[in-house]
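Since the structure comes first, as structure tokens, the remarks are kept for the end.
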There are 2 protein chains.
Amino acid sequence: MAMPIAQDILKKCDEVSQLLKILAHPDRLRILCRLLDGKATVGEITEFCEISQSATSQFLARMKTEGLLSSEREGSYVYYSIADRRLVQLLRSIRDSYCAK
Amino acid sequence: MAMPIAQDILKKCDEVSQLLKILAHPDRLRILCRLLDGKATVGEITEFCEISQSATSQFLARMKTEGLLSSEREGSYVYYSIADRRLVQLLRSIRDSYCAK
DNA sequence: ACATAATATTATAGAAAATTAATATAGTCC
DNA sequence: GGACTATATTAATTTTCTATAATATTATGT
């Protein structure tokens, strides 16, 4: 409450830029874009996004660590999905702005 | 028209991730955040964002080159502003999602 | 237990980007 | 022209990512 408004904005920018850094990679964005349409297994994501198995798994792990994704195992498959509602909103608005016909 | 839907999505992701890469830096995001409230001189931006003069100028130049910003000189001052409407939309929605009370 | 498929981890060489300092240019005023 | 302010450029070092290969783990079916 004691923080000046301008500094508050700067701090927010620092936080948000960290998040954007994660989106700012073609493969990671592909993954998120795929997950925007619903949960998927690592294999499905690998195939859809045309990324190597190893890279896909690494990206998923990182995004899970960062709190963007959650996962649930079903047998030998692991389903990933977007964990944060705000991220869904953001991805939708990116899609609306930049992927419209 | 002949491009499969999935590949089209992948291509869009590649493009958009390039844009996000620019936003994904604390100082550049600060600058854009400031410019969301209207055009400003290099000096004003430098002060508001607490970045060095050199870095500010470099960031501005880069973002102008990338087509995100435009500039107009008035005497010894140079005013920068956001050049792309879609970017304004995107920044607003980021602000709405992540900077609300 | 073995074979196989799905997923995860580790390590590292190479590429790309950030940081900073120093210097240069352009404009204004006297 | 000289001094001063605003902005821009350059270059070099360091830090941070990326890409890839190799290997490891976990689960299923026989």
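Labels used: A, B, ... for chains in the order of the structure tokens, numbers from 1 for residues in each chain, and numbers from 1 for ligands as shown.
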Pose of chain A fitted onto chain B, C-alpha LSQ, given as a PDB file with C-alpha atoms, in the first residue's frame:
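Final file, out-v4.pdb:
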```
ATOM      1  CA  MET A   1      -5.412 -21.569 -49.307  1.00  0.00           C
ATOM      2  CA  ALA A   2      -3.705 -24.874 -49.944  1.00  0.00           C
ATOM      3  CA  MET A   3      -1.999 -24.963 -46.593  1.00  0.00           C
ATOM      4  CA  PRO A   4      -3.244 -27.524 -44.072  1.00  0.00           C
ATOM      5  CA  ILE A   5      -4.809 -25.984 -41.001  1.00  0.00           C
ATOM      6  CA  ALA A   6      -2.350 -27.456 -38.529  1.00  0.00           C
ATOM      7  CA  GLN A   7       0.665 -26.142 -40.399  1.00  0.00           C
ATOM      8  CA  ASP A   8      -0.935 -22.757 -40.633  1.00  0.00           C
ATOM      9  CA  ILE A   9      -1.197 -22.672 -36.856  1.00  0.00           C
ATOM     10  CA  LEU A  10       2.439 -23.668 -36.474  1.00  0.00           C
ATOM     11  CA  LYS A  11       3.513 -20.913 -38.802  1.00  0.00           C
ATOM     12  CA  LYS A  12       1.480 -18.342 -36.906  1.00  0.00           C
ATOM     13  CA  CYS A  13       3.099 -19.482 -33.681  1.00  0.00           C
ATOM     14  CA  ASP A  14       6.496 -18.891 -35.175  1.00  0.00           C
ATOM     15  CA  GLU A  15       5.542 -15.383 -36.186  1.00  0.00           C
ATOM     16  CA  VAL A  16       3.854 -14.459 -32.943  1.00  0.00           C
ATOM     17  CA  SER A  17       6.659 -15.849 -30.829  1.00  0.00           C
ATOM     18  CA  GLN A  18       8.979 -13.410 -32.550  1.00  0.00           C
ATOM     19  CA  LEU A  19       6.782 -10.579 -31.410  1.00  0.00           C
ATOM     20  CA  LEU A  20       6.504 -11.934 -27.887  1.00  0.00           C
ATOM     21  CA  LYS A  21      10.263 -12.162 -27.704  1.00  0.00           C
ATOM     22  CA  ILE A  22      10.350  -8.409 -27.879  1.00  0.00           C
ATOM     23  CA  LEU A  23       7.819  -7.988 -25.092  1.00  0.00           C
ATOM     24  CA  ALA A  24       9.586 -10.562 -22.976  1.00  0.00           C
ATOM     25  CA  HIS A  25      12.160  -8.233 -21.542  1.00  0.00           C
ATOM     26  CA  PRO A  26      11.463  -6.255 -18.399  1.00  0.00           C
ATOM     27  CA  ASP A  27      12.794  -2.990 -19.752  1.00  0.00           C
ATOM     28  CA  ARG A  28      11.115  -3.263 -23.119  1.00  0.00           C
ATOM     29  CA  LEU A  29       7.850  -4.116 -21.450  1.00  0.00           C
ATOM     30  CA  ARG A  30       8.258  -1.102 -19.196  1.00  0.00           C
ATOM     31  CA  ILE A  31       8.682   1.068 -22.237  1.00  0.00           C
ATOM     32  CA  LEU A  32       5.636  -0.340 -23.974  1.00  0.00           C
ATOM     33  CA  CYS A  33       3.635  -0.087 -20.803  1.00  0.00           C
ATOM     34  CA  ARG A  34       4.543   3.569 -20.551  1.00  0.00           C
ATOM     35  CA  LEU A  35       3.679   4.183 -24.185  1.00  0.00           C
ATOM     36  CA  LEU A  36       0.310   2.561 -23.683  1.00  0.00           C
ATOM     37  CA  ASP A  37      -0.590   5.748 -21.845  1.00  0.00           C
ATOM     38  CA  GLY A  38       0.468   7.940 -24.740  1.00  0.00           C
ATOM     39  CA  LYS A  39       3.522   9.097 -26.642  1.00  0.00           C
ATOM     40  CA  ALA A  40       6.629  10.189 -24.783  1.00  0.00           C
ATOM     41  CA  THR A  41      10.119  11.484 -25.411  1.00  0.00           C
ATOM     42  CA  VAL A  42      13.203   9.358 -24.968  1.00  0.00           C
ATOM     43  CA  GLY A  43      14.060  11.317 -21.858  1.00  0.00           C
ATOM     44  CA  GLU A  44      10.655  10.844 -20.323  1.00  0.00           C
ATOM     45  CA  ILE A  45      10.793   7.145 -21.019  1.00  0.00           C
ATOM     46  CA  THR A  46      14.299   6.882 -19.623  1.00  0.00           C
ATOM     47  CA  GLU A  47      13.225   8.509 -16.407  1.00  0.00           C
ATOM     48  CA  PHE A  48       9.912   6.728 -15.988  1.00  0.00           C
ATOM     49  CA  CYS A  49      11.290   3.298 -16.744  1.00  0.00           C
ATOM     50  CA  GLU A  50      14.537   3.725 -14.847  1.00  0.00           C
ATOM     51  CA  ILE A  51      16.718   2.537 -17.690  1.00  0.00           C
ATOM     52  CA  SER A  52      19.976   4.041 -18.885  1.00  0.00           C
ATOM     53  CA  GLN A  53      19.849   6.510 -21.761  1.00  0.00           C
ATOM     54  CA  SER A  54      21.802   4.227 -24.026  1.00  0.00           C
ATOM     55  CA  ALA A  55      19.675   1.181 -23.339  1.00  0.00           C
ATOM     56  CA  THR A  56      16.461   3.118 -23.760  1.00  0.00           C
ATOM     57  CA  SER A  57      17.561   4.429 -27.109  1.00  0.00           C
ATOM     58  CA  GLN A  58      18.628   0.995 -28.253  1.00  0.00           C
ATOM     59  CA  PHE A  59      15.386  -0.606 -27.217  1.00  0.00           C
ATOM     60  CA  LEU A  60      13.368   2.102 -28.909  1.00  0.00           C
ATOM     61  CA  ALA A  61      15.375   1.786 -32.101  1.00  0.00           C
ATOM     62  CA  ARG A  62      14.927  -1.940 -32.179  1.00  0.00           C
ATOM     63  CA  MET A  63      11.223  -1.813 -31.573  1.00  0.00           C
ATOM     64  CA  LYS A  64      10.882   0.810 -34.248  1.00  0.00           C
ATOM     65  CA  THR A  65      12.772  -1.361 -36.697  1.00  0.00           C
ATOM     66  CA  GLU A  66      10.474  -4.241 -35.839  1.00  0.00           C
ATOM     67  CA  GLY A  67       7.513  -2.060 -36.680  1.00  0.00           C
ATOM     68  CA  LEU A  68       6.124  -1.847 -33.166  1.00  0.00           C
ATOM     69  CA  LEU A  69       6.883   1.810 -32.611  1.00  0.00           C
ATOM     70  CA  SER A  70       6.896   4.993 -34.616  1.00  0.00           C
ATOM     71  CA  SER A  71       8.692   8.225 -33.855  1.00  0.00           C
ATOM     72  CA  GLU A  72       8.440  11.895 -34.682  1.00  0.00           C
ATOM     73  CA  ARG A  73      10.968  14.540 -33.966  1.00  0.00           C
ATOM     74  CA  GLU A  74       9.962  17.852 -32.419  1.00  0.00           C
ATOM     75  CA  GLY A  75      12.961  20.079 -32.118  1.00  0.00           C
ATOM     76  CA  SER A  76      15.571  18.282 -30.117  1.00  0.00           C
ATOM     77  CA  TYR A  77      13.063  15.863 -28.693  1.00  0.00           C
ATOM     78  CA  VAL A  78      11.913  12.646 -30.294  1.00  0.00           C
ATOM     79  CA  TYR A  79       8.495  11.319 -29.419  1.00  0.00           C
ATOM     80  CA  TYR A  80       7.854   7.617 -29.619  1.00  0.00           C
ATOM     81  CA  SER A  81       4.498   5.900 -29.737  1.00  0.00           C
ATOM     82  CA  ILE A  82       3.044   2.485 -30.381  1.00  0.00           C
ATOM     83  CA  ALA A  83       2.555   1.973 -34.086  1.00  0.00           C
ATOM     84  CA  ASP A  84       0.440  -1.143 -34.201  1.00  0.00           C
ATOM     85  CA  ARG A  85      -3.163  -1.300 -33.111  1.00  0.00           C
ATOM     86  CA  ARG A  86      -2.965  -5.014 -32.409  1.00  0.00           C
ATOM     87  CA  LEU A  87      -0.086  -4.434 -30.035  1.00  0.00           C
ATOM     88  CA  VAL A  88      -2.158  -1.943 -28.114  1.00  0.00           C
ATOM     89  CA  GLN A  89      -4.908  -4.537 -27.806  1.00  0.00           C
ATOM     90  CA  LEU A  90      -2.456  -7.150 -26.653  1.00  0.00           C
ATOM     91  CA  LEU A  91      -0.840  -4.889 -24.071  1.00  0.00           C
ATOM     92  CA  ARG A  92      -4.234  -3.902 -22.750  1.00  0.00           C
ATOM     93  CA  SER A  93      -5.264  -7.486 -22.320  1.00  0.00           C
ATOM     94  CA  ILE A  94      -2.006  -8.315 -20.575  1.00  0.00           C
ATOM     95  CA  ARG A  95      -2.630  -5.396 -18.286  1.00  0.00           C
ATOM     96  CA  ASP A  96      -6.179  -6.509 -17.660  1.00  0.00           C
ATOM     97  CA  SER A  97      -5.173 -10.050 -16.839  1.00  0.00           C
ATOM     98  CA  TYR A  98      -2.043  -9.471 -14.838  1.00  0.00           C
ATOM     99  CA  CYS A  99      -2.108  -5.941 -13.456  1.00  0.00           C
ATOM    100  CA  ALA A 100      -5.595  -5.677 -12.004  1.00  0.00           C
ATOM    101  CA  LYS A 101      -6.130  -4.983  -8.342  1.00  0.00           C
TER     102      LYS A 101
END
```
Expected answer as a PyMOL selection string: strand (DSSP E or B) residues in range 23-87 of chain B: chain B and resi 40-41+69-74+77-82
Selection export as a tab-separated table (two decimals), in the first residue's frame, atoms kept: C-alpha atoms:
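What ended up in result.tsv:
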```
chain	number	residue	atom	x	y	z
B	40	ALA	CA	6.63	10.20	-24.76
B	41	THR	CA	10.12	11.49	-25.40
B	69	LEU	CA	6.90	1.85	-32.63
B	70	SER	CA	6.92	5.04	-34.62
B	71	SER	CA	8.71	8.28	-33.83
B	72	GLU	CA	8.46	11.95	-34.64
B	73	ARG	CA	10.99	14.62	-33.89
B	74	GLU	CA	9.98	17.90	-32.35
B	77	TYR	CA	13.06	15.92	-28.63
B	78	VAL	CA	11.93	12.70	-30.25
B	79	TYR	CA	8.52	11.35	-29.40
B	80	TYR	CA	7.87	7.64	-29.60
B	81	SER	CA	4.53	5.93	-29.74
B	82	ILE	CA	3.06	2.50	-30.40
```
Residues of chain C within 10 Å of chain B, counting only C-alpha atoms (C1' of nucleotides), as a list of chain:residue names: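 Only these qualify: C:DA18, C:DT19, C:DT20, C:DA21, C:DA26, C:DG27, C:DT28.
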Please produce a file of those selected residues containing N, CA and C atoms (P, O5', C5', C4', C3', O3' and C1' of nucleotides), as a short mmCIF file (atom, residue, chain, number, x, y, z; two decimals), in the first residue's frame.
```
data_model
loop_
_atom_site.label_atom_id
_atom_site.label_comp_id
_atom_site.auth_asym_id
_atom_site.auth_seq_id
_atom_site.Cartn_x
_atom_site.Cartn_y
_atom_site.Cartn_z
P DA C 18 17.66 -9.47 -25.27
"O5'" DA C 18 18.85 -9.26 -24.21
"C5'" DA C 18 18.98 -10.22 -23.18
"C4'" DA C 18 19.94 -9.72 -22.11
"C3'" DA C 18 19.75 -8.27 -21.69
"O3'" DA C 18 20.03 -8.18 -20.30
"C1'" DA C 18 21.91 -8.55 -22.62
P DT C 19 19.97 -6.80 -19.53
"O5'" DT C 19 21.49 -6.33 -19.52
"C5'" DT C 19 22.47 -7.23 -19.05
"C4'" DT C 19 23.77 -6.47 -18.81
"C3'" DT C 19 23.59 -5.01 -18.42
"O3'" DT C 19 24.46 -4.73 -17.33
"C1'" DT C 19 24.94 -5.17 -20.36
P DT C 20 24.40 -3.39 -16.52
"O5'" DT C 20 25.66 -2.62 -17.11
"C5'" DT C 20 26.84 -3.35 -17.42
"C4'" DT C 20 27.80 -2.47 -18.19
"C3'" DT C 20 27.63 -0.98 -17.94
"O3'" DT C 20 28.76 -0.52 -17.21
"C1'" DT C 20 27.85 -1.45 -20.27
P DA C 21 29.00 1.05 -16.88
"O5'" DA C 21 30.10 1.42 -17.97
"C5'" DA C 21 31.08 0.45 -18.35
"C4'" DA C 21 31.86 0.99 -19.53
"C3'" DA C 21 32.11 2.49 -19.46
"O3'" DA C 21 33.43 2.76 -19.89
"C1'" DA C 21 30.95 1.97 -21.46
P DA C 26 23.89 13.95 -37.94
"O5'" DA C 26 22.83 14.72 -37.04
"C5'" DA C 26 21.85 13.97 -36.35
"C4'" DA C 26 21.04 14.90 -35.48
"C3'" DA C 26 20.81 16.27 -36.11
"O3'" DA C 26 19.44 16.57 -35.96
"C1'" DA C 26 21.74 16.51 -33.94
P DG C 27 18.84 17.87 -36.69
"O5'" DG C 27 18.55 18.80 -35.44
"C5'" DG C 27 17.64 18.34 -34.45
"C4'" DG C 27 17.70 19.26 -33.26
"C3'" DG C 27 17.47 20.74 -33.60
"O3'" DG C 27 16.37 21.20 -32.83
"C1'" DG C 27 19.39 20.47 -32.23
P DT C 28 15.80 22.69 -33.02
"O5'" DT C 28 16.45 23.45 -31.78
"C5'" DT C 28 16.23 22.94 -30.47
"C4'" DT C 28 16.92 23.85 -29.46
"C3'" DT C 28 16.70 25.34 -29.70
"O3'" DT C 28 16.31 25.93 -28.47
"C1'" DT C 28 19.00 24.86 -29.47
#
```
Interface, chain D side, toward chain A (10 Å; only C-alpha atoms (C1' of nucleotides)) as a ChimeraX atom specification: /D:19-21,26-28
Sel. of helix (DSSP H, G or I) residues, chain B, as JSON, numbers by chain: {"B": [5, 6, 7, 8, 9, 10, 11, 12, 13, 14, 15, 16, 17, 18, 19, 20, 21, 22, 23, 26, 27, 28, 29, 30, 31, 32, 33, 34, 35, 42, 43, 44, 45, 46, 47, 48, 49, 53, 54, 55, 56, 57, 58, 59, 60, 61, 62, 63, 64, 65, 85, 86, 87, 88, 89, 90, 91, 92, 93, 94, 95, 96, 97, 98]}
